Number of protein chains: 2
Amino acid sequence: MKQTLSSLPPYLKMENGELWLTEDDRDNLKISYRIKEVIFSEQSPFQQVMILDSYDFGRMLVLDGVVQTTSIDGHIYNEMISHVPLQFHRAPKKVLIIGGGDCGAAREVAKYNDIEEIYMVEIDETVVQACKEHLPAVSGNLSDSRVQFIYTDGVAFVKERANTYDVIIIDSSDPIGPAKELFSYEFYQNVHRALKEDGIMVCQSQSPIFHLDVLKQTYTNIQQLFPHAAVYTATVPTYPGGLWSFTIGAKIPLSLPNTWSLPADTKYVNEAILTRCFELPQFMKTVLS
Amino acid sequence: MKQTLSSLPPYLKMENGELWLTEDDRDNLKISYRIKEVIFSEQSPFQQVMILDSYDFGRMLVLDGVVQTTSIDGHIYNEMISHVPLQFHRAPKKVLIIGGGDCGAAREVAKYNDIEEIYMVEIDETVVQACKEHLPAVSGNLSDSRVQFIYTDGVAFVKERANTYDVIIIDSSDPIGPAKELFSYEFYQNVHRALKEDGIMVCQSQSPIFHLDVLKQTYTNIQQLFPHAAVYTATVPTYPGGLWSFTIGAKIPLSLPNTWSLPADTKYVNEAILTRCFELPQFMKTVLS
């Protein structure tokens, strides 16, 4: 559904005949993207969901005016949050994704033929439908019979599961608003319980440049719950600070596989990237030690 | 010297009582930084040189309205462009830096006690003086008797040297305007000649996300001239795309040192980072192979 110009939200502005999206969630830094076209716009029960076509980053998913993922670099984040736990687990059959409405993580998980069940628990169905239809560079128009979509609150969902999943991927948005609980100790306790005895979880743990406190708290929580925990990084160009962190918690030791089983068509990860991603810059090592 | 509000250049704007710098060098992406104070502003023979104090990134060097380096992440770039060639060379005595007006690379080089001579060839003396006095987080108020400042055109300077330096660091700005020649084949030929027979050069080779063409051309040039060439990356949050590339050319094989001799006070690099930085994302490997 196309947005008419008369009903543009405040973060979308027409200036000198050009359409610009200005992210307005930070007090002291504003990033403005020149937009070709509003592809999709709908107010869901949770947020304003937009797919915008931008000049520099292609189509982007924008929630309440904040860019979540783009065609140019969405694969970096999604490959890194998926293939690391899947490679370390070695024989995952049942995978739970919490959040991940852009379908990019589920798309990566579905590349493994041996995985039998993929559950995607996302609170906002509008995001999933918009990305499946209008953001193919990220979602790959995901259509795989092993993927079951469950539109509910991930926090409540995981509370009621025990000893069920091999891998849990927590692909949350920033720890404000609805996603705040996805960073709590109690939530990770429930994730731990929902995993099988050789299970592995991973979550995105924010920018080491701007939110080192969130990363440190997340790592501390996961380290307290899991015998094996580690932080790894990737560079995601459209996320503030570029450098992004992920924290992994495992019931089994995190040793590199003897033989890799990576899908052939990855664009960012390869065996060397998966090996090196745990080597952290000195300032991160200092804070996490 | 403080800038009066009446003489603000177009990229600095007062809005609702707040001062904002908006980088205006890109057509389709604009980044705006909220500014506390204009610390220094002067029109040099080459460009408008400013030191601005920003809310999110501390003091920043801004040339013609474009952020060059900031207090929060300047060290990442400067550590990566300096310590990689210095660690691979093993016994550098005489180092030439071309560009690098923020003095951050010279500061890192000066941390090695065994290095005897450091030549910094920068075209714009105003940049050096401004950074030495007003940007201590990057320049470290550099004051070392081994550092000789030469204010001239680096392209012409290097043309007249042969078999002189152990390491040459090319710390240029973007390949537009005055820095364009610093990306030419002829320039690298002259750099090759200026190096001793076991010499190593490094240059920044732009964003692999937005300027993969520049990186590819630079790597091709250096690979044609040097028997050993390699590309490495770092994440520099305030550079567009976050991911940044450097290209190294060496007359000796680029093998990791058996014993490292890193200064103790680095904030980004450590031995693991120096080892892993050559492992490239799959899309870069594909383009460079």
# chains A, B, ... in the order shown; residues from 1 in each chain; ligands from 1
>>> residues_around(residues="Asp124 of chain B", least_positions_apart="5", cutoff="9 Å", atoms="only C-alpha atoms", output="PDB file with N, CA and C atoms, in the first residue's frame")
ATOM      1  N   SER B  44      42.512  27.550   5.748  1.00  0.00           N
ATOM      2  CA  SER B  44      43.920  27.408   5.344  1.00  0.00           C
ATOM      3  C   SER B  44      43.999  27.632   3.840  1.00  0.00           C
ATOM      4  N   PRO B  45      45.199  27.637   3.266  1.00  0.00           N
ATOM      5  CA  PRO B  45      45.284  27.747   1.797  1.00  0.00           C
ATOM      6  C   PRO B  45      44.606  26.582   1.085  1.00  0.00           C
ATOM      7  N   PHE B  46      44.291  25.512   1.815  1.00  0.00           N
ATOM      8  CA  PHE B  46      43.771  24.309   1.162  1.00  0.00           C
ATOM      9  C   PHE B  46      42.308  24.010   1.480  1.00  0.00           C
ATOM     10  N   GLN B  47      41.872  24.381   2.686  1.00  0.00           N
ATOM     11  CA  GLN B  47      40.537  23.955   3.112  1.00  0.00           C
ATOM     12  C   GLN B  47      40.129  24.672   4.396  1.00  0.00           C
ATOM     13  N   GLY B  99      50.597  12.464   4.499  1.00  0.00           N
ATOM     14  CA  GLY B  99      49.288  12.846   5.027  1.00  0.00           C
ATOM     15  C   GLY B  99      49.312  12.718   6.546  1.00  0.00           C
ATOM     16  N   GLY B 101      47.648  14.337   8.879  1.00  0.00           N
ATOM     17  CA  GLY B 101      47.735  15.620   9.570  1.00  0.00           C
ATOM     18  C   GLY B 101      47.207  15.617  10.996  1.00  0.00           C
ATOM     19  N   TYR B 151      56.032  20.345   5.518  1.00  0.00           N
ATOM     20  CA  TYR B 151      54.742  20.792   4.984  1.00  0.00           C
ATOM     21  C   TYR B 151      54.850  20.991   3.486  1.00  0.00           C
ATOM     22  N   THR B 152      54.576  19.925   2.758  1.00  0.00           N
ATOM     23  CA  THR B 152      54.652  19.996   1.302  1.00  0.00           C
ATOM     24  C   THR B 152      53.771  18.906   0.712  1.00  0.00           C
ATOM     25  N   ASP B 153      53.713  18.872  -0.594  1.00  0.00           N
ATOM     26  CA  ASP B 153      52.909  17.896  -1.319  1.00  0.00           C
ATOM     27  C   ASP B 153      53.592  16.524  -1.283  1.00  0.00           C
TER      28      ASP B 153
END
>>> closest_atom_pairs(of="chain B", to="chain A", cutoff="9 Å", atoms="only C-alpha atoms", output="CSV")
residue,atom,partner,partner_atom,distance
B:Trp20,CA,A:Asn28,CA,8.7
B:Thr22,CA,A:Lys30,CA,8.9
B:Asp27,CA,A:Arg34,CA,8.0
B:Asn28,CA,A:Arg34,CA,4.8
B:Leu29,CA,A:Tyr33,CA,4.8
B:Lys30,CA,A:Ser32,CA,5.0
B:Ile31,CA,A:Ile31,CA,4.6
B:Ser32,CA,A:Lys30,CA,5.0
B:Tyr33,CA,A:Leu29,CA,4.8
B:Arg34,CA,A:Asn28,CA,4.8
B:Ile35,CA,A:Asn28,CA,8.0
B:Ser54,CA,A:Asn28,CA,8.2
B:Tyr55,CA,A:Asn28,CA,6.1
B:Asp56,CA,A:Asn28,CA,6.2
B:Ile72,CA,A:Ile209,CA,8.4
B:Asp73,CA,A:Ile209,CA,8.7
B:Ile209,CA,A:Pro237,CA,7.8
B:Phe210,CA,A:Asp56,CA,8.8
B:Ala234,CA,A:Thr235,CA,8.7
B:Thr235,CA,A:Leu243,CA,6.0
B:Val236,CA,A:Gly242,CA,7.2
B:Pro237,CA,A:Gly241,CA,4.1
B:Thr238,CA,A:Gly241,CA,6.7
B:Tyr239,CA,A:Gly242,CA,8.6
B:Pro240,CA,A:Pro237,CA,7.3
B:Gly241,CA,A:Pro237,CA,4.1
B:Gly242,CA,A:Gly242,CA,4.3
B:Leu243,CA,A:Thr235,CA,6.0
B:Thr266,CA,A:Gln282,CA,7.4
B:Lys267,CA,A:Gln282,CA,5.4
B:Tyr268,CA,A:Gln282,CA,4.7
B:Val269,CA,A:Pro281,CA,5.9
B:Asn270,CA,A:Gln282,CA,6.1
B:Ala272,CA,A:Glu279,CA,5.9
B:Ile273,CA,A:Glu279,CA,6.3
B:Thr275,CA,A:Arg276,CA,8.8
B:Arg276,CA,A:Arg276,CA,5.6
B:Cys277,CA,A:Arg276,CA,8.3
B:Glu279,CA,A:Ala272,CA,6.0
B:Leu280,CA,A:Ile273,CA,6.9
B:Pro281,CA,A:Tyr268,CA,4.8
B:Gln282,CA,A:Tyr268,CA,4.8
B:Phe283,CA,A:Lys267,CA,5.4
B:Met284,CA,A:Tyr268,CA,8.4
>>> closest_residue(among="B:Val62, B:Ile118, B:Ile248, B:Ile81", to="Ile150 of chain B", atoms="only C-alpha atoms")
B:Ile118
>>> residues_around(residues="Leu182 of chain B", least_positions_apart="3", cutoff="12 Å", atoms="only C-alpha atoms", output="PDB file with N, CA and C atoms, in the first residue's frame")
ATOM      1  N   ILE B  98      52.821   9.913   4.854  1.00  0.00           N
ATOM      2  CA  ILE B  98      52.330  10.899   3.892  1.00  0.00           C
ATOM      3  C   ILE B  98      50.883  11.215   4.258  1.00  0.00           C
ATOM      4  N   GLY B  99      50.597  12.464   4.499  1.00  0.00           N
ATOM      5  CA  GLY B  99      49.288  12.846   5.027  1.00  0.00           C
ATOM      6  C   GLY B  99      49.312  12.718   6.546  1.00  0.00           C
ATOM      7  N   ASP B 153      53.713  18.872  -0.594  1.00  0.00           N
ATOM      8  CA  ASP B 153      52.909  17.896  -1.319  1.00  0.00           C
ATOM      9  C   ASP B 153      53.592  16.524  -1.283  1.00  0.00           C
ATOM     10  N   GLY B 154      52.928  15.543  -0.714  1.00  0.00           N
ATOM     11  CA  GLY B 154      53.505  14.214  -0.564  1.00  0.00           C
ATOM     12  C   GLY B 154      53.833  13.550  -1.894  1.00  0.00           C
ATOM     13  N   VAL B 155      53.034  13.821  -2.915  1.00  0.00           N
ATOM     14  CA  VAL B 155      53.261  13.216  -4.233  1.00  0.00           C
ATOM     15  C   VAL B 155      54.603  13.682  -4.796  1.00  0.00           C
ATOM     16  N   ALA B 156      54.867  14.981  -4.731  1.00  0.00           N
ATOM     17  CA  ALA B 156      56.135  15.526  -5.235  1.00  0.00           C
ATOM     18  C   ALA B 156      57.311  15.072  -4.355  1.00  0.00           C
ATOM     19  N   PHE B 157      57.081  15.047  -3.059  1.00  0.00           N
ATOM     20  CA  PHE B 157      58.139  14.682  -2.104  1.00  0.00           C
ATOM     21  C   PHE B 157      58.683  13.284  -2.376  1.00  0.00           C
ATOM     22  N   VAL B 158      57.751  12.331  -2.540  1.00  0.00           N
ATOM     23  CA  VAL B 158      58.173  10.935  -2.651  1.00  0.00           C
ATOM     24  C   VAL B 158      58.819  10.649  -4.010  1.00  0.00           C
ATOM     25  N   LYS B 159      58.496  11.489  -4.986  1.00  0.00           N
ATOM     26  CA  LYS B 159      59.055  11.335  -6.330  1.00  0.00           C
ATOM     27  C   LYS B 159      60.582  11.445  -6.329  1.00  0.00           C
ATOM     28  N   ILE B 169      53.816   5.001   5.294  1.00  0.00           N
ATOM     29  CA  ILE B 169      52.391   4.956   5.647  1.00  0.00           C
ATOM     30  C   ILE B 169      51.677   6.075   4.895  1.00  0.00           C
ATOM     31  N   ILE B 170      50.703   5.699   4.066  1.00  0.00           N
ATOM     32  CA  ILE B 170      49.978   6.699   3.281  1.00  0.00           C
ATOM     33  C   ILE B 170      48.601   6.897   3.913  1.00  0.00           C
ATOM     34  N   ASP B 171      48.523   7.948   4.685  1.00  0.00           N
ATOM     35  CA  ASP B 171      47.318   8.234   5.465  1.00  0.00           C
ATOM     36  C   ASP B 171      46.592   9.394   4.791  1.00  0.00           C
ATOM     37  N   SER B 172      45.969   9.081   3.658  1.00  0.00           N
ATOM     38  CA  SER B 172      45.362  10.121   2.832  1.00  0.00           C
ATOM     39  C   SER B 172      43.908  10.336   3.199  1.00  0.00           C
ATOM     40  N   SER B 173      43.357  11.438   2.733  1.00  0.00           N
ATOM     41  CA  SER B 173      41.914  11.607   2.806  1.00  0.00           C
ATOM     42  C   SER B 173      41.289  10.926   1.581  1.00  0.00           C
ATOM     43  N   ASP B 174      40.024  11.125   1.353  1.00  0.00           N
ATOM     44  CA  ASP B 174      39.336  10.443   0.251  1.00  0.00           C
ATOM     45  C   ASP B 174      39.926  10.838  -1.105  1.00  0.00           C
ATOM     46  N   PRO B 175      39.827   9.938  -2.106  1.00  0.00           N
ATOM     47  CA  PRO B 175      40.446  10.198  -3.410  1.00  0.00           C
ATOM     48  C   PRO B 175      39.669  11.203  -4.256  1.00  0.00           C
ATOM     49  N   ILE B 176      39.389  12.339  -3.663  1.00  0.00           N
ATOM     50  CA  ILE B 176      38.820  13.452  -4.415  1.00  0.00           C
ATOM     51  C   ILE B 176      39.677  14.671  -4.100  1.00  0.00           C
ATOM     52  N   GLY B 177      39.700  15.654  -4.960  1.00  0.00           N
ATOM     53  CA  GLY B 177      40.480  16.861  -4.710  1.00  0.00           C
ATOM     54  C   GLY B 177      41.959  16.552  -4.559  1.00  0.00           C
ATOM     55  N   PRO B 178      42.630  17.184  -3.569  1.00  0.00           N
ATOM     56  CA  PRO B 178      44.089  17.103  -3.467  1.00  0.00           C
ATOM     57  C   PRO B 178      44.610  15.682  -3.275  1.00  0.00           C
ATOM     58  N   ALA B 179      43.814  14.804  -2.681  1.00  0.00           N
ATOM     59  CA  ALA B 179      44.318  13.462  -2.374  1.00  0.00           C
ATOM     60  C   ALA B 179      44.204  12.500  -3.550  1.00  0.00           C
ATOM     61  N   TYR B 185      48.647   4.957  -9.927  1.00  0.00           N
ATOM     62  CA  TYR B 185      49.697   3.948 -10.114  1.00  0.00           C
ATOM     63  C   TYR B 185      51.075   4.583 -10.047  1.00  0.00           C
ATOM     64  N   GLU B 186      51.202   5.748 -10.671  1.00  0.00           N
ATOM     65  CA  GLU B 186      52.501   6.439 -10.690  1.00  0.00           C
ATOM     66  C   GLU B 186      52.979   6.770  -9.284  1.00  0.00           C
ATOM     67  N   PHE B 187      52.076   7.181  -8.428  1.00  0.00           N
ATOM     68  CA  PHE B 187      52.433   7.491  -7.049  1.00  0.00           C
ATOM     69  C   PHE B 187      52.977   6.246  -6.327  1.00  0.00           C
ATOM     70  N   TYR B 188      52.288   5.111  -6.520  1.00  0.00           N
ATOM     71  CA  TYR B 188      52.752   3.882  -5.852  1.00  0.00           C
ATOM     72  C   TYR B 188      54.104   3.439  -6.410  1.00  0.00           C
ATOM     73  N   GLN B 189      54.342   3.705  -7.703  1.00  0.00           N
ATOM     74  CA  GLN B 189      55.667   3.422  -8.270  1.00  0.00           C
ATOM     75  C   GLN B 189      56.745   4.188  -7.523  1.00  0.00           C
ATOM     76  N   ASN B 190      56.458   5.459  -7.260  1.00  0.00           N
ATOM     77  CA  ASN B 190      57.418   6.293  -6.549  1.00  0.00           C
ATOM     78  C   ASN B 190      57.593   5.841  -5.094  1.00  0.00           C
ATOM     79  N   VAL B 191      56.505   5.410  -4.504  1.00  0.00           N
ATOM     80  CA  VAL B 191      56.591   4.882  -3.132  1.00  0.00           C
ATOM     81  C   VAL B 191      57.489   3.642  -3.123  1.00  0.00           C
ATOM     82  N   VAL B 202      51.938   0.917   3.353  1.00  0.00           N
ATOM     83  CA  VAL B 202      50.520   0.670   3.585  1.00  0.00           C
ATOM     84  C   VAL B 202      49.755   1.932   3.218  1.00  0.00           C
ATOM     85  N   CYS B 203      48.547   1.759   2.713  1.00  0.00           N
ATOM     86  CA  CYS B 203      47.682   2.915   2.466  1.00  0.00           C
ATOM     87  C   CYS B 203      46.272   2.573   2.905  1.00  0.00           C
ATOM     88  N   GLN B 204      45.503   3.596   3.226  1.00  0.00           N
ATOM     89  CA  GLN B 204      44.072   3.349   3.449  1.00  0.00           C
ATOM     90  C   GLN B 204      43.449   3.221   2.068  1.00  0.00           C
ATOM     91  N   SER B 205      42.586   2.224   1.907  1.00  0.00           N
ATOM     92  CA  SER B 205      42.025   1.979   0.573  1.00  0.00           C
ATOM     93  C   SER B 205      40.495   1.998   0.582  1.00  0.00           C
ATOM     94  N   VAL B 214      37.475   1.440  -5.659  1.00  0.00           N
ATOM     95  CA  VAL B 214      38.744   2.069  -5.262  1.00  0.00           C
ATOM     96  C   VAL B 214      39.656   1.029  -4.625  1.00  0.00           C
ATOM     97  N   THR B 218      43.251  -0.095  -6.090  1.00  0.00           N
ATOM     98  CA  THR B 218      44.431   0.091  -5.244  1.00  0.00           C
ATOM     99  C   THR B 218      45.170  -1.233  -5.059  1.00  0.00           C
ATOM    100  N   ASN B 221      46.953  -2.180  -8.296  1.00  0.00           N
ATOM    101  CA  ASN B 221      48.172  -1.376  -8.466  1.00  0.00           C
ATOM    102  C   ASN B 221      49.310  -1.903  -7.599  1.00  0.00           C
TER     103      ASN B 221
END
>>> atom_distance(atom1="atom CA of Arg146 of chain A", atom2="atom CA of Asn78 of chain A")
18.3 Å
>>> select_by_dssp(residues="segment 58-223 of chain B", states="helix (DSSP H, G or I)", output="MDAnalysis selection string")
chainID B and resid 74:89 104:109 125:134 136:139 154:159 177:183 185:194 212:223
>>> atom_distance(atom1="atom CA of Phe40 of chain B", atom2="atom CA of Pro136 of chain B")
13.3 Å
>>> atom_distance(atom1="atom CA of Leu254 of chain A", atom2="atom CA of Glu197 of chain A")
14.1 Å
>>> residues_around(residues="Val138 of chain A", least_positions_apart="3", cutoff="8 Å", atoms="only C-alpha atoms", output="list of chain:residue names")
A:Thr69, A:Thr70, A:Ser71, A:Gly74, A:His75, A:Asp102, A:Cys103, A:Gly104, A:Cys131, A:Leu135
>>> residues_around(residues="His228 of chain B", least_positions_apart="3", cutoff="8 Å", atoms="only C-alpha atoms", output="PyMOL selection string")
chain B and resi 223+249-254
>>> write_last_selection(atoms="C-alpha atoms", output="compact mmCIF listing (two decimals), in the first residue's frame")
# COMPACT_ATOMS: atom_id res chain seq x y z
CA GLN B 223 49.99 -6.15 -6.41
CA GLY B 249 52.63 -3.83 -0.25
CA ALA B 250 55.92 -5.41 0.81
CA LYS B 251 59.26 -6.28 -0.73
CA ILE B 252 59.58 -9.10 1.82
CA PRO B 253 57.10 -11.91 2.55
CA LEU B 254 54.28 -10.92 4.88
>>> closest_residue(among="B:Ile97, B:Ala229, B:Ala91, B:Ala130", to="Glu116 of chain B", atoms="only C-alpha atoms")
B:Ala91
>>> residues_around(residues="segment 110-115 of chain A", least_positions_apart="5", cutoff="7 Å", atoms="only C-alpha atoms", output="JSON, numbers by chain")
{"A": [92, 93, 94, 263]}
>>> closest_residue(among="A:Asn163, A:Ser289, A:Thr233, A:Thr259", to="Lys216 of chain A", atoms="only C-alpha atoms")
A:Ser289
>>> residues_around(residues="Leu215 of chain A", least_positions_apart="3", cutoff="9 Å", atoms="only C-alpha atoms", output="ChimeraX atom specification")
/A:204-208,211-212,218-220,231,245-247,288
>>> write_last_selection(atoms="N, CA and C atoms", output="PDB file, in the first residue's frame")
ATOM      1  N   GLN A 204      21.770 -10.847  19.803  1.00  0.00           N
ATOM      2  CA  GLN A 204      22.510  -9.646  19.421  1.00  0.00           C
ATOM      3  C   GLN A 204      22.669  -8.834  20.698  1.00  0.00           C
ATOM      4  N   SER A 205      23.866  -8.310  20.939  1.00  0.00           N
ATOM      5  CA  SER A 205      24.116  -7.620  22.210  1.00  0.00           C
ATOM      6  C   SER A 205      24.612  -6.190  21.992  1.00  0.00           C
ATOM      7  N   GLN A 206      24.137  -5.565  20.896  1.00  0.00           N
ATOM      8  CA  GLN A 206      24.287  -4.124  20.705  1.00  0.00           C
ATOM      9  C   GLN A 206      25.711  -3.669  20.306  1.00  0.00           C
ATOM     10  N   SER A 207      25.824  -2.370  20.150  1.00  0.00           N
ATOM     11  CA  SER A 207      27.074  -1.763  19.692  1.00  0.00           C
ATOM     12  C   SER A 207      28.115  -1.671  20.804  1.00  0.00           C
ATOM     13  N   PRO A 208      29.299  -2.241  20.588  1.00  0.00           N
ATOM     14  CA  PRO A 208      30.363  -2.107  21.591  1.00  0.00           C
ATOM     15  C   PRO A 208      30.868  -0.665  21.702  1.00  0.00           C
ATOM     16  N   HIS A 211      27.018   1.172  23.220  1.00  0.00           N
ATOM     17  CA  HIS A 211      26.274   0.513  24.307  1.00  0.00           C
ATOM     18  C   HIS A 211      27.086  -0.607  24.920  1.00  0.00           C
ATOM     19  N   LEU A 212      28.301  -0.280  25.283  1.00  0.00           N
ATOM     20  CA  LEU A 212      29.188  -1.261  25.902  1.00  0.00           C
ATOM     21  C   LEU A 212      28.577  -1.767  27.207  1.00  0.00           C
ATOM     22  N   THR A 218      24.749  -8.154  29.242  1.00  0.00           N
ATOM     23  CA  THR A 218      24.284  -9.355  28.544  1.00  0.00           C
ATOM     24  C   THR A 218      25.287 -10.490  28.712  1.00  0.00           C
ATOM     25  N   TYR A 219      26.557 -10.182  28.511  1.00  0.00           N
ATOM     26  CA  TYR A 219      27.601 -11.202  28.648  1.00  0.00           C
ATOM     27  C   TYR A 219      27.633 -11.744  30.080  1.00  0.00           C
ATOM     28  N   THR A 220      27.502 -10.853  31.057  1.00  0.00           N
ATOM     29  CA  THR A 220      27.515 -11.272  32.466  1.00  0.00           C
ATOM     30  C   THR A 220      26.335 -12.212  32.753  1.00  0.00           C
ATOM     31  N   VAL A 231      31.739 -13.737  23.234  1.00  0.00           N
ATOM     32  CA  VAL A 231      31.241 -12.596  22.467  1.00  0.00           C
ATOM     33  C   VAL A 231      31.933 -12.601  21.112  1.00  0.00           C
ATOM     34  N   SER A 245      27.927  -6.448  18.202  1.00  0.00           N
ATOM     35  CA  SER A 245      28.298  -7.599  19.023  1.00  0.00           C
ATOM     36  C   SER A 245      27.168  -8.616  19.126  1.00  0.00           C
ATOM     37  N   PHE A 246      27.561  -9.864  19.281  1.00  0.00           N
ATOM     38  CA  PHE A 246      26.658 -10.982  19.515  1.00  0.00           C
ATOM     39  C   PHE A 246      27.216 -11.763  20.707  1.00  0.00           C
ATOM     40  N   THR A 247      26.323 -12.283  21.537  1.00  0.00           N
ATOM     41  CA  THR A 247      26.798 -13.080  22.670  1.00  0.00           C
ATOM     42  C   THR A 247      26.193 -14.469  22.584  1.00  0.00           C
ATOM     43  N   LEU A 288      35.301  -6.796  29.151  1.00  0.00           N
ATOM     44  CA  LEU A 288      34.633  -8.077  29.388  1.00  0.00           C
ATOM     45  C   LEU A 288      35.411  -9.003  30.314  1.00  0.00           C
TER      46      LEU A 288
END
>>> select_by_dssp(residues="segment 154-267 of chain A", states="strand (DSSP E or B)", output="PyMOL selection string")
chain A and resi 165-171+195-204+228-235+243-250
